[in-house]
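Structure first, commentary second.
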Amino acid sequence: MTVKSRLTTTVLALVLTMLSALLDPGHAASGEMAPPAVLANTCFACHGPDGQAKGEIPVLAGKDGAFIQSALKGFRDGSRPATIMNRIAKGYSEAEIAALAEYFEQRKK
C-alpha cells in the first residue's frame with residue numbers, strides 16, 4: 001500500500017467516524033464516550049481489520065494494554081515521534097485511550 005493510499009484510507013476512516021458521531025449525537029450530547037469498537041474504527045484504516053495489520057504498520061490486536069496507553073499518550077503529548085498518530089491521538093481523552101487499550105488487548109493476534 002502506498003503512502004498516498006494509506007493517507008486516503010486514514011482520512012476516509014476519520015470522516016466515517018465523524019459521520020457516525022453526527023448520526024448518533026446522543027452520545028456527544030450526553031457526554032458519553034463512544035463504545036470502544038466505534039473508537040477503534042479509526043484505527044482499522046492503517047492497522048488493519050480488528051487491529052490485524054499486514055506490512056510495516058504495527059499490529060494492535062493482542063498488544064499489552066499498558067503499552068498501547070503509553071504509546072497513545074506519548075503520541076498525544078509529542079514525546080513519541082510520529083507521522084500521523086500524534087495528530088490522531090490529540091483527539092482522545094484519557095477514558096478513550098484506556099478503552100482503546102483494553103479493546104485491542106482483548107483482540108486475538
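In the C-alpha cells, each chain is lettered A, B, ... as it comes, each chain's residues begin at 1, and ligands are numbered from 1 in order of appearance.
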
Please list as number ranges by chain every residue within 10 Å of range 64-75 of chain A, counting only C-alpha atoms and excluding residues in the same chain fewer than 2 positions away. A: 60-62, 77-90, 92-94, 96-106

Store the residues picked out above in a file with C-alpha atoms, as a compact mmCIF listing (two decimals), in the first residue's frame.
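Once written, result-v5.txt looks like this:
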```
# COMPACT_ATOMS: atom_id res chain seq x y z
CA LEU A 60 -2.57 -3.74 17.65
CA ALA A 61 -4.51 -6.94 18.32
CA GLY A 62 -3.29 -8.68 21.46
CA ASP A 77 1.84 14.87 24.23
CA GLY A 78 4.51 14.78 21.50
CA SER A 79 7.07 12.76 23.45
CA ARG A 80 6.76 9.85 20.98
CA PRO A 81 7.64 10.73 17.36
CA ALA A 82 5.03 10.02 14.72
CA THR A 83 3.89 10.96 11.25
CA ILE A 84 0.12 10.89 11.80
CA MET A 85 -0.53 9.25 15.17
CA ASN A 86 0.35 12.44 17.03
CA ARG A 87 -2.50 14.23 15.24
CA ILE A 88 -4.97 11.41 15.82
CA ALA A 89 -4.09 10.85 19.49
CA LYS A 90 -4.63 14.51 20.38
CA TYR A 92 -8.57 11.14 22.55
CA SER A 93 -9.45 11.66 26.20
CA GLU A 94 -7.87 9.62 29.00
CA GLU A 96 -10.93 6.84 25.35
CA ILE A 97 -7.26 5.88 25.44
CA ALA A 98 -7.94 3.41 28.24
CA ALA A 99 -10.93 1.97 26.34
CA LEU A 100 -8.90 1.56 23.14
CA ALA A 101 -6.06 -0.10 25.03
CA GLU A 102 -8.44 -2.58 26.65
CA TYR A 103 -10.25 -3.21 23.34
CA PHE A 104 -7.08 -4.10 21.44
CA GLU A 105 -5.55 -6.06 24.30
CA GLN A 106 -8.61 -8.34 24.21
```

Per-residue DSSP, range 35-94 of chain A, filtered to helix (DSSP H, G or I), as JSON, numbers by chain: {"A": [36, 37, 38, 39, 40, 41, 42, 43, 44, 45, 46, 47, 49, 50, 51, 65, 66, 67, 68, 69, 70, 71, 72, 73, 74, 75, 76, 77, 85, 86, 87, 88, 89, 94]}

Can you work out the spacing between CA of Ala37 in chain A and CA of Ala95 in chain A in Å, to one decimal?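 Interatomic distance, CA of Ala37 in chain A to CA of Ala95 in chain A: 13.8 Å.
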